[in-house]
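Text of protein07.txt, listed as compact mmCIF, C-alpha atoms:
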```txt
# COMPACT_ATOMS: atom_id res chain seq x y z
CA MET A 1 15.54 5.61 -45.07
CA SER A 2 18.86 3.92 -45.78
CA SER A 3 18.74 0.55 -47.49
CA ASP A 4 21.33 -0.70 -44.96
CA LYS A 5 18.80 -0.40 -42.15
CA GLN A 6 17.79 -3.76 -40.80
CA THR A 7 14.47 -5.45 -41.43
CA ASP A 8 14.52 -8.01 -38.60
CA GLY A 9 18.12 -8.85 -39.47
CA ILE A 10 17.59 -8.88 -43.25
CA THR A 11 19.34 -6.08 -45.14
CA MET A 12 20.26 -5.50 -48.76
CA GLU A 13 23.74 -6.60 -47.72
CA THR A 14 22.19 -9.94 -46.66
CA VAL A 15 20.39 -10.26 -50.01
CA ARG A 16 23.47 -9.39 -52.05
CA GLY A 17 25.72 -11.64 -49.97
CA ALA A 18 23.46 -14.63 -50.59
CA ALA A 19 23.21 -13.84 -54.31
CA ASP A 20 26.99 -13.51 -54.63
CA ALA A 21 27.52 -16.87 -52.91
CA ILE A 22 25.09 -18.50 -55.34
CA ARG A 23 26.81 -16.92 -58.35
CA GLN A 24 30.10 -18.41 -57.23
CA ARG A 25 28.51 -21.88 -57.49
CA ALA A 26 26.59 -21.42 -60.76
CA ASP A 27 27.19 -19.12 -63.71
CA LEU A 28 23.49 -18.84 -64.55
CA ALA A 29 21.24 -15.77 -64.48
CA PRO A 30 17.71 -17.14 -63.87
CA GLU A 31 14.67 -15.74 -65.60
CA LEU A 32 12.19 -17.64 -63.45
CA GLY A 33 12.01 -18.49 -59.76
CA ILE A 34 10.04 -21.52 -58.54
CA VAL A 35 9.04 -22.47 -55.01
CA LEU A 36 8.63 -26.24 -54.99
CA GLY A 37 6.29 -26.69 -52.06
CA THR A 38 4.53 -29.86 -51.01
CA GLY A 39 3.17 -31.46 -54.15
CA LEU A 40 5.69 -30.11 -56.65
CA GLY A 41 8.86 -31.87 -55.55
CA ALA A 42 8.80 -34.05 -58.67
CA LEU A 43 9.38 -30.96 -60.83
CA ALA A 44 12.91 -30.84 -59.44
CA GLY A 45 13.67 -33.91 -61.54
CA GLU A 46 12.55 -32.09 -64.69
CA ILE A 47 15.15 -29.35 -64.26
CA GLU A 48 18.43 -29.79 -66.15
CA PRO A 49 20.69 -28.83 -63.26
CA GLU A 50 23.79 -26.69 -63.25
CA ALA A 51 24.10 -26.66 -59.47
CA PHE A 52 22.49 -27.94 -56.28
CA ILE A 53 23.16 -25.75 -53.25
CA PRO A 54 22.02 -26.83 -49.75
CA TYR A 55 20.41 -23.95 -47.86
CA GLU A 56 22.96 -24.19 -45.06
CA GLU A 57 25.67 -23.27 -47.58
CA ILE A 58 23.98 -20.00 -48.55
CA PRO A 59 24.77 -17.07 -46.20
CA GLY A 60 21.67 -15.82 -44.37
CA PHE A 61 19.37 -18.67 -45.45
CA PRO A 62 17.41 -20.51 -42.77
CA ARG A 63 17.18 -24.29 -42.84
CA SER A 64 13.98 -26.10 -43.76
CA THR A 65 12.74 -28.21 -40.84
CA VAL A 66 9.72 -29.73 -42.62
CA GLU A 67 10.28 -33.45 -43.18
CA SER A 68 8.82 -33.48 -46.70
CA HIS A 69 11.05 -30.61 -47.91
CA ALA A 70 14.53 -31.33 -49.35
CA GLY A 71 16.11 -28.03 -48.34
CA ARG A 72 18.26 -26.99 -51.29
CA LEU A 73 18.39 -24.54 -54.18
CA ILE A 74 18.51 -25.82 -57.76
CA LEU A 75 19.84 -23.74 -60.66
CA GLY A 76 19.38 -24.98 -64.20
CA THR A 77 16.98 -24.96 -67.13
CA LEU A 78 13.38 -26.11 -67.47
CA ALA A 79 11.66 -26.22 -70.86
CA GLY A 80 14.36 -23.91 -72.21
CA VAL A 81 13.98 -21.36 -69.41
CA ARG A 82 16.76 -20.56 -66.93
CA VAL A 83 15.37 -21.20 -63.46
CA VAL A 84 16.27 -21.02 -59.79
CA ALA A 85 14.09 -23.35 -57.72
CA MET A 86 13.61 -23.77 -54.00
CA GLU A 87 13.27 -27.47 -53.23
CA GLY A 88 11.43 -26.87 -49.98
CA ARG A 89 10.37 -23.57 -48.45
CA PHE A 90 10.44 -21.93 -45.02
CA HIS A 91 7.39 -21.25 -42.83
CA ARG A 92 6.61 -18.75 -40.11
CA TYR A 93 5.46 -21.62 -37.85
CA GLU A 94 9.01 -23.04 -37.90
CA GLY A 95 10.00 -20.06 -35.77
CA TYR A 96 11.53 -17.94 -38.53
CA SER A 97 10.59 -14.30 -39.01
CA MET A 98 8.57 -13.28 -42.04
CA GLN A 99 11.69 -11.56 -43.36
CA GLN A 100 13.68 -14.79 -43.10
CA VAL A 101 10.87 -16.79 -44.72
CA THR A 102 10.87 -14.48 -47.74
CA LEU A 103 14.61 -13.87 -48.09
CA PRO A 104 14.92 -16.40 -50.97
CA VAL A 105 12.41 -14.44 -53.05
CA ARG A 106 14.51 -11.30 -52.66
CA VAL A 107 17.60 -13.28 -53.61
CA MET A 108 15.87 -14.69 -56.71
CA ARG A 109 15.13 -11.14 -57.82
CA GLU A 110 18.71 -10.07 -57.12
CA LEU A 111 19.90 -12.95 -59.31
CA GLY A 112 17.79 -11.64 -62.20
CA ALA A 113 14.47 -13.51 -62.01
CA GLU A 114 11.44 -11.63 -63.34
CA THR A 115 8.74 -14.22 -62.67
CA LEU A 116 7.84 -16.45 -59.71
CA ILE A 117 5.81 -19.67 -59.63
CA VAL A 118 4.70 -20.73 -56.15
CA SER A 119 3.08 -24.02 -55.19
CA ASN A 120 1.62 -25.51 -52.04
CA ALA A 121 -0.62 -28.17 -50.58
CA CYS A 122 -3.81 -26.83 -49.05
CA GLY A 123 -7.07 -27.73 -47.37
CA GLY A 124 -10.06 -27.43 -49.67
CA MET A 125 -13.08 -25.56 -48.31
CA ASN A 126 -15.12 -25.31 -51.50
CA PRO A 127 -17.65 -28.17 -51.26
CA LEU A 128 -17.63 -28.62 -55.05
CA TRP A 129 -13.92 -29.51 -55.06
CA HIS A 130 -12.17 -32.80 -54.21
CA GLU A 131 -8.95 -34.14 -52.71
CA GLY A 132 -6.20 -34.19 -55.32
CA ASP A 133 -7.68 -31.35 -57.39
CA LEU A 134 -5.34 -28.65 -58.67
CA VAL A 135 -6.17 -25.04 -57.87
CA LEU A 136 -5.13 -21.88 -59.68
CA ILE A 137 -4.84 -19.14 -57.06
CA SER A 138 -6.77 -16.06 -58.17
CA ASP A 139 -6.30 -13.99 -54.99
CA HIS A 140 -5.40 -14.39 -51.34
CA ILE A 141 -6.27 -13.35 -47.80
CA ASN A 142 -3.47 -12.85 -45.26
CA LEU A 143 -4.54 -14.01 -41.78
CA MET A 144 -1.06 -14.87 -40.56
CA GLY A 145 -1.00 -11.90 -38.19
CA ASP A 146 2.18 -10.51 -39.74
CA ASN A 147 3.52 -9.04 -42.97
CA PRO A 148 7.06 -9.47 -44.37
CA LEU A 149 7.20 -5.78 -45.33
CA VAL A 150 6.87 -4.53 -41.74
CA GLY A 151 9.97 -2.58 -40.74
CA PRO A 152 12.34 -0.38 -42.72
CA ASN A 153 11.69 -0.57 -46.45
CA LEU A 154 14.37 -2.30 -48.52
CA GLU A 155 15.35 -0.57 -51.75
CA GLN A 156 14.15 -3.44 -53.96
CA GLY A 157 10.63 -2.02 -53.98
CA PRO A 158 8.29 0.78 -52.88
CA ARG A 159 7.14 1.40 -49.32
CA PHE A 160 3.50 0.71 -50.27
CA PRO A 161 3.40 -1.89 -53.07
CA ASP A 162 0.15 -2.32 -54.96
CA MET A 163 -1.68 -5.62 -54.39
CA SER A 164 -4.65 -5.19 -56.74
CA GLU A 165 -3.42 -8.12 -58.84
CA PRO A 166 -0.99 -10.27 -56.83
CA TYR A 167 -1.47 -13.22 -59.20
CA ASP A 168 -0.81 -12.21 -62.80
CA SER A 169 -3.94 -12.38 -64.97
CA ALA A 170 -2.00 -13.18 -68.17
CA PHE A 171 -0.27 -16.08 -66.44
CA ARG A 172 -3.58 -17.36 -65.12
CA THR A 173 -4.96 -17.33 -68.67
CA ILE A 174 -2.01 -19.40 -69.85
CA ALA A 175 -2.50 -21.84 -66.96
CA ARG A 176 -6.18 -22.31 -67.83
CA GLU A 177 -5.38 -22.81 -71.54
CA GLU A 178 -2.64 -25.36 -70.84
CA ALA A 179 -4.82 -27.25 -68.35
CA LEU A 180 -7.54 -27.48 -71.00
CA ARG A 181 -5.07 -28.66 -73.62
CA LEU A 182 -3.70 -31.34 -71.27
CA GLY A 183 -7.13 -32.43 -70.07
CA VAL A 184 -6.29 -31.42 -66.48
CA THR A 185 -9.03 -30.28 -64.11
CA LEU A 186 -7.95 -26.89 -62.76
CA ARG A 187 -10.06 -25.17 -60.14
CA GLU A 188 -9.65 -21.45 -59.48
CA GLY A 189 -10.20 -19.61 -56.24
CA VAL A 190 -9.03 -17.65 -53.21
CA TYR A 191 -6.30 -18.96 -50.90
CA VAL A 192 -6.22 -17.89 -47.24
CA ALA A 193 -2.98 -18.14 -45.27
CA VAL A 194 -3.04 -18.84 -41.55
CA LEU A 195 -0.12 -19.11 -39.14
CA GLY A 196 -0.35 -22.78 -38.11
CA PRO A 197 1.05 -25.23 -37.30
CA CYS A 198 -2.18 -26.56 -35.80
CA LEU A 199 -5.09 -27.18 -38.12
CA GLU A 200 -8.28 -25.15 -37.86
CA THR A 201 -11.36 -25.77 -35.74
CA VAL A 202 -14.82 -26.29 -37.19
CA ALA A 203 -15.75 -22.70 -36.28
CA GLU A 204 -12.57 -21.37 -37.87
CA TYR A 205 -13.24 -23.22 -41.14
CA ARG A 206 -16.74 -21.72 -41.20
CA MET A 207 -15.28 -18.26 -40.64
CA LEU A 208 -12.67 -18.66 -43.39
CA ARG A 209 -15.27 -19.87 -45.85
CA ALA A 210 -17.56 -16.97 -44.93
CA LEU A 211 -14.68 -14.58 -45.63
CA GLY A 212 -14.57 -15.83 -49.21
CA ALA A 213 -11.73 -18.36 -49.12
CA ASP A 214 -11.81 -21.57 -51.14
CA ALA A 215 -8.58 -23.07 -49.78
CA VAL A 216 -6.48 -22.69 -46.65
CA GLY A 217 -2.77 -23.19 -45.98
CA MET A 218 0.23 -21.98 -43.98
CA SER A 219 2.53 -20.58 -46.67
CA THR A 220 2.75 -18.79 -50.03
CA VAL A 221 1.21 -15.42 -49.12
CA PRO A 222 4.38 -13.96 -47.52
CA GLU A 223 6.40 -14.98 -50.58
CA VAL A 224 3.85 -13.45 -52.94
CA ILE A 225 3.76 -10.18 -50.98
CA VAL A 226 7.53 -9.85 -51.25
CA ALA A 227 7.47 -10.96 -54.90
CA ARG A 228 5.14 -8.10 -55.71
CA HIS A 229 7.26 -5.72 -53.62
CA VAL A 230 10.33 -6.51 -55.74
CA GLY A 231 8.39 -6.48 -59.04
CA LEU A 232 8.09 -10.19 -59.81
CA ARG A 233 5.05 -11.41 -61.75
CA VAL A 234 3.46 -14.34 -59.92
CA LEU A 235 1.61 -17.56 -60.72
CA GLY A 236 0.25 -19.58 -57.79
CA LEU A 237 -0.88 -23.22 -57.84
CA SER A 238 -2.15 -25.50 -55.09
CA ILE A 239 -2.96 -29.17 -54.59
CA ILE A 240 -5.96 -29.92 -52.40
CA SER A 241 -4.43 -32.47 -50.05
CA ASP A 242 -7.48 -32.78 -47.79
CA MET A 243 -11.02 -31.46 -47.57
CA ALA A 244 -11.73 -29.01 -44.75
CA LEU A 245 -15.54 -29.06 -44.68
CA PRO A 246 -16.82 -28.07 -41.23
CA ASP A 247 -19.89 -30.32 -41.36
CA ALA A 248 -17.84 -33.36 -42.38
CA LEU A 249 -14.57 -32.79 -40.56
CA HIS A 250 -12.37 -35.72 -39.54
CA PRO A 251 -9.14 -35.89 -37.53
CA VAL A 252 -6.12 -34.99 -39.65
CA ASP A 253 -3.94 -37.77 -41.02
CA VAL A 254 -0.69 -36.02 -42.02
CA ALA A 255 0.64 -39.10 -43.80
CA LYS A 256 -2.52 -39.19 -45.93
CA ILE A 257 -2.18 -35.48 -46.72
CA ILE A 258 1.39 -35.96 -47.95
CA ALA A 259 0.38 -39.07 -49.93
CA THR A 260 -2.48 -37.18 -51.63
CA ALA A 261 -0.13 -34.34 -52.57
CA LYS A 262 2.45 -36.75 -53.96
CA ALA A 263 -0.20 -38.60 -55.98
CA ALA A 264 -1.11 -35.31 -57.69
CA GLU A 265 2.55 -34.36 -58.31
CA PRO A 266 2.82 -35.83 -61.83
CA VAL A 267 -0.22 -33.87 -63.03
CA LEU A 268 0.95 -30.60 -61.51
CA THR A 269 4.45 -31.20 -62.85
CA ARG A 270 3.11 -31.67 -66.40
CA LEU A 271 1.04 -28.51 -66.10
CA VAL A 272 3.89 -26.36 -64.76
CA ARG A 273 6.28 -27.62 -67.43
CA ALA A 274 3.72 -26.74 -70.11
CA ILE A 275 3.22 -23.27 -68.62
CA VAL A 276 6.96 -22.64 -68.47
CA ALA A 277 7.31 -23.74 -72.09
CA ARG A 278 4.65 -21.18 -73.03
CA LEU A 279 6.51 -18.50 -71.11
CA ALA A 280 9.70 -19.45 -72.96
CA GLY A 281 7.87 -18.77 -76.19
CA GLY A 282 6.99 -15.26 -75.07
CA ALA A 283 3.28 -16.04 -74.65
CA ALA A 284 2.93 -13.54 -71.83
```
structure tokens encoding of this file:
Amino acid sequence: MSSDKQTDGITMETVRGAADAIRQRADLAPELGIVLGTGLGALAGEIEPEAFIPYEEIPGFPRSTVESHAGRLILGTLAGVRVVAMEGRFHRYEGYSMQQVTLPVRVMRELGAETLIVSNACGGMNPLWHEGDLVLISDHINLMGDNPLVGPNLEQGPRFPDMSEPYDSAFRTIAREEALRLGVTLREGVYVAVLGPCLETVAEYRMLRALGADAVGMSTVPEVIVARHVGLRVLGLSIISDMALPDALHPVDVAKIIATAKAAEPVLTRLVRAIVARLAGGAA
């Protein structure tokens, strides 16, 4: 099937047009893409910038409507590695299609990135974990009711991409080693993605836990699916911003969730910088 066929409005022409517009603003071929979700915004300050590009100035990009997300692309270097970073992501619950949500990942690949680091804030369902803990994502469950690869296949990847190891095992080893070196507690477990934007009921939390999930959120999985489709190696990290234990559930305080994620930002920022430095040294 032709690569010019539309995938809910997203074509290879869309991807290339966005990449060309970015190249006109920054003469930098990134090696690494980063999605700075809730809880990793502080990492933006660690990047030595070459350019800041608001999403509305990139052809085809949606606009982030989440209050805690800045809504711009950063190109520069981090720990000696050339990076392109999303300061704020898009979500299906904002009304965008899965193809729109994941367009930036395709553009990162078109720009030259070979690796993707994704971050998020999540609800913790493992009773042995705590608010503010960092989580290394080992695997995921997609319960969003949609998949960004539905529709005509774009030429960046195969029709049926393998998902036996969505989160790179070598990268996870590096993350565990760096967390140990830094004295950072790093949990590891399965992330389940739901559509949102409402939070889950007691019965739904019980179901998700029974399915094998340790953490729940409303992002990340679509981006990882597309990352694997286009051949990017992936590392996923979460901050537990609230505990979602069905037998001890309380009404959600969004301000508290954001505050918990921000309090954990410096620790996650240190860890990601250390991981990137390892990657710069060819550790993986």
A:Lys262, A:Arg16, A:Lys256, A:His130: which is nearest Thr38 of chain A, counting only C-alpha atoms?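 Smallest distance to Thr38 of chain A is found for A:Lys262.
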Segment 208-214 of chain A environment, 12 Å, only C-alpha atoms, sequence neighbours closer than 3 positions dropped, as a PDB file with C-alpha atoms, in the frame of the given file:
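So part-v2.pdb came out as:
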```
ATOM      1  CA  CYS A 122      -3.810 -26.830 -49.050  1.00  0.00           C
ATOM      2  CA  GLY A 123      -7.070 -27.730 -47.370  1.00  0.00           C
ATOM      3  CA  GLY A 124     -10.060 -27.430 -49.670  1.00  0.00           C
ATOM      4  CA  MET A 125     -13.080 -25.560 -48.310  1.00  0.00           C
ATOM      5  CA  ASN A 126     -15.120 -25.310 -51.500  1.00  0.00           C
ATOM      6  CA  PRO A 127     -17.650 -28.170 -51.260  1.00  0.00           C
ATOM      7  CA  LEU A 128     -17.630 -28.620 -55.050  1.00  0.00           C
ATOM      8  CA  TRP A 129     -13.920 -29.510 -55.060  1.00  0.00           C
ATOM      9  CA  HIS A 130     -12.170 -32.800 -54.210  1.00  0.00           C
ATOM     10  CA  VAL A 135      -6.170 -25.040 -57.870  1.00  0.00           C
ATOM     11  CA  LEU A 136      -5.130 -21.880 -59.680  1.00  0.00           C
ATOM     12  CA  ILE A 137      -4.840 -19.140 -57.060  1.00  0.00           C
ATOM     13  CA  SER A 138      -6.770 -16.060 -58.170  1.00  0.00           C
ATOM     14  CA  ASP A 139      -6.300 -13.990 -54.990  1.00  0.00           C
ATOM     15  CA  HIS A 140      -5.400 -14.390 -51.340  1.00  0.00           C
ATOM     16  CA  ILE A 141      -6.270 -13.350 -47.800  1.00  0.00           C
ATOM     17  CA  ASN A 142      -3.470 -12.850 -45.260  1.00  0.00           C
ATOM     18  CA  LEU A 143      -4.540 -14.010 -41.780  1.00  0.00           C
ATOM     19  CA  ARG A 187     -10.060 -25.170 -60.140  1.00  0.00           C
ATOM     20  CA  GLU A 188      -9.650 -21.450 -59.480  1.00  0.00           C
ATOM     21  CA  GLY A 189     -10.200 -19.610 -56.240  1.00  0.00           C
ATOM     22  CA  VAL A 190      -9.030 -17.650 -53.210  1.00  0.00           C
ATOM     23  CA  TYR A 191      -6.300 -18.960 -50.900  1.00  0.00           C
ATOM     24  CA  VAL A 192      -6.220 -17.890 -47.240  1.00  0.00           C
ATOM     25  CA  ALA A 193      -2.980 -18.140 -45.270  1.00  0.00           C
ATOM     26  CA  VAL A 194      -3.040 -18.840 -41.550  1.00  0.00           C
ATOM     27  CA  GLU A 200      -8.280 -25.150 -37.860  1.00  0.00           C
ATOM     28  CA  THR A 201     -11.360 -25.770 -35.740  1.00  0.00           C
ATOM     29  CA  VAL A 202     -14.820 -26.290 -37.190  1.00  0.00           C
ATOM     30  CA  ALA A 203     -15.750 -22.700 -36.280  1.00  0.00           C
ATOM     31  CA  GLU A 204     -12.570 -21.370 -37.870  1.00  0.00           C
ATOM     32  CA  TYR A 205     -13.240 -23.220 -41.140  1.00  0.00           C
ATOM     33  CA  GLY A 217      -2.770 -23.190 -45.980  1.00  0.00           C
ATOM     34  CA  SER A 238      -2.150 -25.500 -55.090  1.00  0.00           C
ATOM     35  CA  ILE A 240      -5.960 -29.920 -52.400  1.00  0.00           C
ATOM     36  CA  MET A 243     -11.020 -31.460 -47.570  1.00  0.00           C
ATOM     37  CA  ALA A 244     -11.730 -29.010 -44.750  1.00  0.00           C
ATOM     38  CA  LEU A 245     -15.540 -29.060 -44.680  1.00  0.00           C
ATOM     39  CA  PRO A 246     -16.820 -28.070 -41.230  1.00  0.00           C
TER      40      PRO A 246
END
```
Nearest candidate to Ile22 of chain A (options A:Arg172, A:Arg72, A:Arg89, A:Arg278; using all atoms listed in the file):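 So, comparing all the options, the nearest one is A:Arg72.
Considering the residues A:His250, A:Ser64, A:Ala175, A:Val230 and counting only C-alpha atoms, Gly95 of chain A has its shortest atom-to-atom contact with A:Ser64.
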Segment 46-107 of chain A near segment 232-235 of chain A within 12 Å: what's each residue's closest atom pair and its distance in Å to one decimal, counting only C-alpha atoms, ordered by chain then ascending residue number, as CSV?
```
residue,atom,partner,partner_atom,distance
A:Val105,CA,A:Leu232,CA,9.1
A:Arg106,CA,A:Leu232,CA,9.7
A:Val107,CA,A:Leu232,CA,11.8
```
With all atoms listed in the file as the basis for distance, which of A:Thr220, A:Leu180, A:His229, A:Asp247 is at the shortest distance from Arg206 of chain A?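 Under the stated criterion, the closest residue is A:Asp247.
Atom CA of Gln100 of chain A to atom CA of Leu149 of chain A spans 11.3 Å [interatomic distance, one decimal].
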Non-local contacts of Ala18 of chain A (8 Å; all atoms listed in the file; under 6 positions in same chain excluded) as JSON, numbers by chain: {"A": [58, 59, 60, 61, 107]}
